[in-house]
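Contents: one structure, followed by commentary.
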Amino acid sequence: MAAFNRLLRAAAPVASTLSPARRVLSSVASGATAGIPASLARAGASVLVVRRDPAERNIQWVFLGCPGVGKGTYASRLSQLLGVPHIATGDLVREELSSSDPLARQLADIVNQGQLVPDEIIIELLSKRLEKGVAKGESGFILDGFPRTIRQAEILDGVTDIDLVVNLKLREEVLLEKCIGRRICSQCGKNFNVASIKMKGENGRPGISMAPLLPPVQCASKLISRADDTEEVVKERLRVYHELSQPVEGYYRSQGKLLEFDLPGGIPESWPKLLQALNLEDHDDKQSAAA
Ligand SMILES: [Zn+2]
């Protein structure tokens with residue numbers, strides 16, 4: 001725990017300024033409670049406010065990053081390392097869709113019409129997930145895929161405390177190659193990547209090399225690519241992403257919580273550097289030193 005406290009102090013100066021012993025768990029179905037954003041109150045969403053003293057809980061981080069950057073992979077690895085749940089809003093939506101909840105039908109209509117899932121529904125799913133986690137004794141989280149807009153970020157601030165926001169970045173030409181190289185096995189559904197990336201450093205930027213993720217023999221003849229993994233579509237997806245995400249990045253930058261991280265390559269190159277950037281490099285040493 002001491003190692004975590006040190007980590008929190010080092011990685012998220014904001015956390016230490018929070019008032020101590022603040023441990024509020026209140027139901028705000030009416031939306032009349034102070035501190036609840038008006039947008040949520042208007043939506044009449046039933047949301048639990050989960051705030052705990054940072055010293056008594058695990059990390060509460062958000063992962064940002066454009067499609068194809070590998071955000072889910074890094075978030076998932078870190079969640080395992082730190083013992084916190086990795087909560088991806090995409091998974092929450094998929095889980096809800098497969099449930100018999102009344103909300104599932106509403107959600108199915110929205111998704112089938114190709115519309116964006118409204119903030120109120122996402123925050124309700126997220127809130128339910130956090131609530132369930134607290135009941136199970138979970139502490140902390142890494143959020144992936146949320147918030148996508150400033151409004152969502154404000155709603156999140158009304159519900160819980162975010163310590164740190166990690167923004168994973170990769171050069172656009174690398175992202176393009178990576179997305180175009182994506183393949184899925186039509187039989188087992190596993191993901192692979194045939195792109196072998198070797199880019200020289202230029203203008204002071206380091207070179208990037210990423211090995212392909214090749215399929216085993218039994219999948220090799222069954223590979224397909226997604227119809228929307230073309231250069232044109234990927235470029236458009238990135239443009240839309242940046243347009244939407246820049247305000248969110250700015251929001252967290254102004255709170256002093258944004259950690260920009262340029263991925264230096266694939267997982268083998270990036271993982272140790274990411275740990276270093278998060279002060280997690282000597283995590284085990286710190287733990288034994290603190291014991
Ligand atoms: Zn396969």
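In the structure tokens, chains take the letters A, B, ... in the order shown, each chain's residues start at 1, and ligands count up from 1 in the order shown.
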Subject >> Polymer residues at most 8 Å from Val166 (chain A), only C-alpha atoms, same-chain spacing of 5 or more positions, as an NGL selection string >> reply: :A and (61-64 or 258-261)
Restricted to C-alpha atoms, what would the selected residues look like written as a PDB file, in the first residue's frame?
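So the final result, stored in part_9.pdb, reads:
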ATOM      1  CA  TRP A  61      -7.005   6.142 -14.038  1.00  0.00           C
ATOM      2  CA  VAL A  62      -8.365   6.883 -17.490  1.00  0.00           C
ATOM      3  CA  PHE A  63      -6.752   5.660 -20.693  1.00  0.00           C
ATOM      4  CA  LEU A  64      -7.077   7.734 -23.843  1.00  0.00           C
ATOM      5  CA  LEU A 258      -2.743  14.379 -18.406  1.00  0.00           C
ATOM      6  CA  LEU A 259       0.271  12.180 -19.023  1.00  0.00           C
ATOM      7  CA  GLU A 260       1.238  12.155 -22.715  1.00  0.00           C
ATOM      8  CA  PHE A 261       2.988   8.974 -23.718  1.00  0.00           C
TER       9      PHE A 261
END
Return as a PDB file with N, CA and C atoms, in the first residue's frame every polymer residue, whether protein, DNA or RNA, with at least one atom no more than 12 Å from an atom of ligand 1; count only C-alpha atoms and all ligand atoms.
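In the end it all went to pocket33.pdb:
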ATOM      1  N   ARG A 183      -5.701  -8.378 -39.294  1.00  0.00           N
ATOM      2  CA  ARG A 183      -6.396  -9.533 -39.869  1.00  0.00           C
ATOM      3  C   ARG A 183      -7.124 -10.267 -38.745  1.00  0.00           C
ATOM      4  N   ILE A 184      -8.226 -10.854 -39.109  1.00  0.00           N
ATOM      5  CA  ILE A 184      -9.003 -11.659 -38.148  1.00  0.00           C
ATOM      6  C   ILE A 184      -9.133 -13.065 -38.723  1.00  0.00           C
ATOM      7  N   CYS A 185      -9.006 -14.064 -37.880  1.00  0.00           N
ATOM      8  CA  CYS A 185      -9.232 -15.438 -38.339  1.00  0.00           C
ATOM      9  C   CYS A 185     -10.742 -15.649 -38.437  1.00  0.00           C
ATOM     10  N   SER A 186     -11.193 -16.014 -39.624  1.00  0.00           N
ATOM     11  CA  SER A 186     -12.639 -16.163 -39.845  1.00  0.00           C
ATOM     12  C   SER A 186     -13.191 -17.378 -39.104  1.00  0.00           C
ATOM     13  N   GLN A 187     -12.302 -18.244 -38.643  1.00  0.00           N
ATOM     14  CA  GLN A 187     -12.784 -19.434 -37.938  1.00  0.00           C
ATOM     15  C   GLN A 187     -12.816 -19.244 -36.425  1.00  0.00           C
ATOM     16  N   CYS A 188     -11.669 -18.818 -35.829  1.00  0.00           N
ATOM     17  CA  CYS A 188     -11.633 -18.725 -34.363  1.00  0.00           C
ATOM     18  C   CYS A 188     -11.804 -17.290 -33.858  1.00  0.00           C
ATOM     19  N   GLY A 189     -11.766 -16.313 -34.758  1.00  0.00           N
ATOM     20  CA  GLY A 189     -12.010 -14.939 -34.359  1.00  0.00           C
ATOM     21  C   GLY A 189     -10.820 -14.220 -33.734  1.00  0.00           C
ATOM     22  N   LYS A 190      -9.662 -14.877 -33.684  1.00  0.00           N
ATOM     23  CA  LYS A 190      -8.482 -14.233 -33.095  1.00  0.00           C
ATOM     24  C   LYS A 190      -7.941 -13.135 -34.018  1.00  0.00           C
ATOM     25  N   ASN A 191      -7.319 -12.127 -33.370  1.00  0.00           N
ATOM     26  CA  ASN A 191      -6.767 -10.994 -34.115  1.00  0.00           C
ATOM     27  C   ASN A 191      -5.279 -11.165 -34.371  1.00  0.00           C
ATOM     28  N   PHE A 192      -4.871 -10.800 -35.572  1.00  0.00           N
ATOM     29  CA  PHE A 192      -3.446 -10.827 -35.925  1.00  0.00           C
ATOM     30  C   PHE A 192      -3.091  -9.545 -36.649  1.00  0.00           C
ATOM     31  N   LEU A 214       1.931 -12.639 -36.322  1.00  0.00           N
ATOM     32  CA  LEU A 214       1.526 -13.584 -37.351  1.00  0.00           C
ATOM     33  C   LEU A 214       0.707 -14.735 -36.771  1.00  0.00           C
ATOM     34  N   PRO A 215      -0.217 -15.240 -37.592  1.00  0.00           N
ATOM     35  CA  PRO A 215      -1.110 -16.308 -37.105  1.00  0.00           C
ATOM     36  C   PRO A 215      -0.421 -17.666 -37.104  1.00  0.00           C
ATOM     37  N   PRO A 216      -0.918 -18.602 -36.286  1.00  0.00           N
ATOM     38  CA  PRO A 216      -0.425 -19.977 -36.370  1.00  0.00           C
ATOM     39  C   PRO A 216      -0.913 -20.617 -37.675  1.00  0.00           C
ATOM     40  N   VAL A 217      -0.305 -21.738 -38.022  1.00  0.00           N
ATOM     41  CA  VAL A 217      -0.593 -22.385 -39.311  1.00  0.00           C
ATOM     42  C   VAL A 217      -2.097 -22.594 -39.533  1.00  0.00           C
ATOM     43  N   GLN A 218      -2.788 -23.043 -38.472  1.00  0.00           N
ATOM     44  CA  GLN A 218      -4.199 -23.405 -38.672  1.00  0.00           C
ATOM     45  C   GLN A 218      -5.080 -22.203 -38.997  1.00  0.00           C
ATOM     46  N   CYS A 219      -4.597 -20.979 -38.684  1.00  0.00           N
ATOM     47  CA  CYS A 219      -5.401 -19.777 -38.966  1.00  0.00           C
ATOM     48  C   CYS A 219      -4.968 -19.093 -40.271  1.00  0.00           C
ATOM     49  N   ALA A 220      -3.728 -19.375 -40.692  1.00  0.00           N
ATOM     50  CA  ALA A 220      -3.105 -18.587 -41.764  1.00  0.00           C
ATOM     51  C   ALA A 220      -3.940 -18.511 -43.042  1.00  0.00           C
ATOM     52  N   SER A 221      -4.646 -19.592 -43.362  1.00  0.00           N
ATOM     53  CA  SER A 221      -5.396 -19.587 -44.631  1.00  0.00           C
ATOM     54  C   SER A 221      -6.802 -19.027 -44.445  1.00  0.00           C
ATOM     55  N   LYS A 222      -7.136 -18.652 -43.209  1.00  0.00           N
ATOM     56  CA  LYS A 222      -8.523 -18.214 -42.958  1.00  0.00           C
ATOM     57  C   LYS A 222      -8.600 -16.742 -42.570  1.00  0.00           C
ATOM     58  N   LEU A 223      -7.529 -16.005 -42.870  1.00  0.00           N
ATOM     59  CA  LEU A 223      -7.494 -14.608 -42.436  1.00  0.00           C
ATOM     60  C   LEU A 223      -8.355 -13.713 -43.319  1.00  0.00           C
ATOM     61  N   ILE A 224      -9.076 -12.822 -42.640  1.00  0.00           N
ATOM     62  CA  ILE A 224      -9.830 -11.811 -43.380  1.00  0.00           C
ATOM     63  C   ILE A 224      -9.508 -10.445 -42.762  1.00  0.00           C
TER      64      ILE A 224
END
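One distance worth recording is that between CA of Leu244 (chain A) and CA of Asn167 (chain A), which is 13.8 Å.
The nearest approach to Thr73 (chain A) among the residues A:Asp119, A:Glu269, A:Asp144, A:Glu96, with only C-alpha atoms taken into account, belongs to A:Asp144.
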With region 230-239 of chain A as the partner and 12 Å as the cut-off, tabulate the residues of region 60-108 of chain A that qualify, each row holding the nearest pair of atoms and their distance in Å to one decimal, using only C-alpha atoms, sorted by chain and rising number, as CSV.
residue,atom,partner,partner_atom,distance
A:Gly65,CA,A:Leu238,CA,10.2
A:Cys66,CA,A:Leu238,CA,6.7
A:Pro67,CA,A:Leu238,CA,7.2
A:Gly68,CA,A:Val234,CA,9.2
A:Val69,CA,A:Leu238,CA,10.6
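The residue that comes closest to Gln255 (chain A), out of A:Arg148, A:Gly90, A:Val134, A:Asp161 and on the basis of only C-alpha atoms, is A:Asp161.
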**OP:** Pull the alpha helix (DSSP H) assignments for region 80-248 of chain A out of DSSP run on the backbone, and list those residues as number ranges by chain.
**Re:** A: 80-82, 89-97, 102-112, 119-135, 150-159, 172-180, 217-220, 231-248
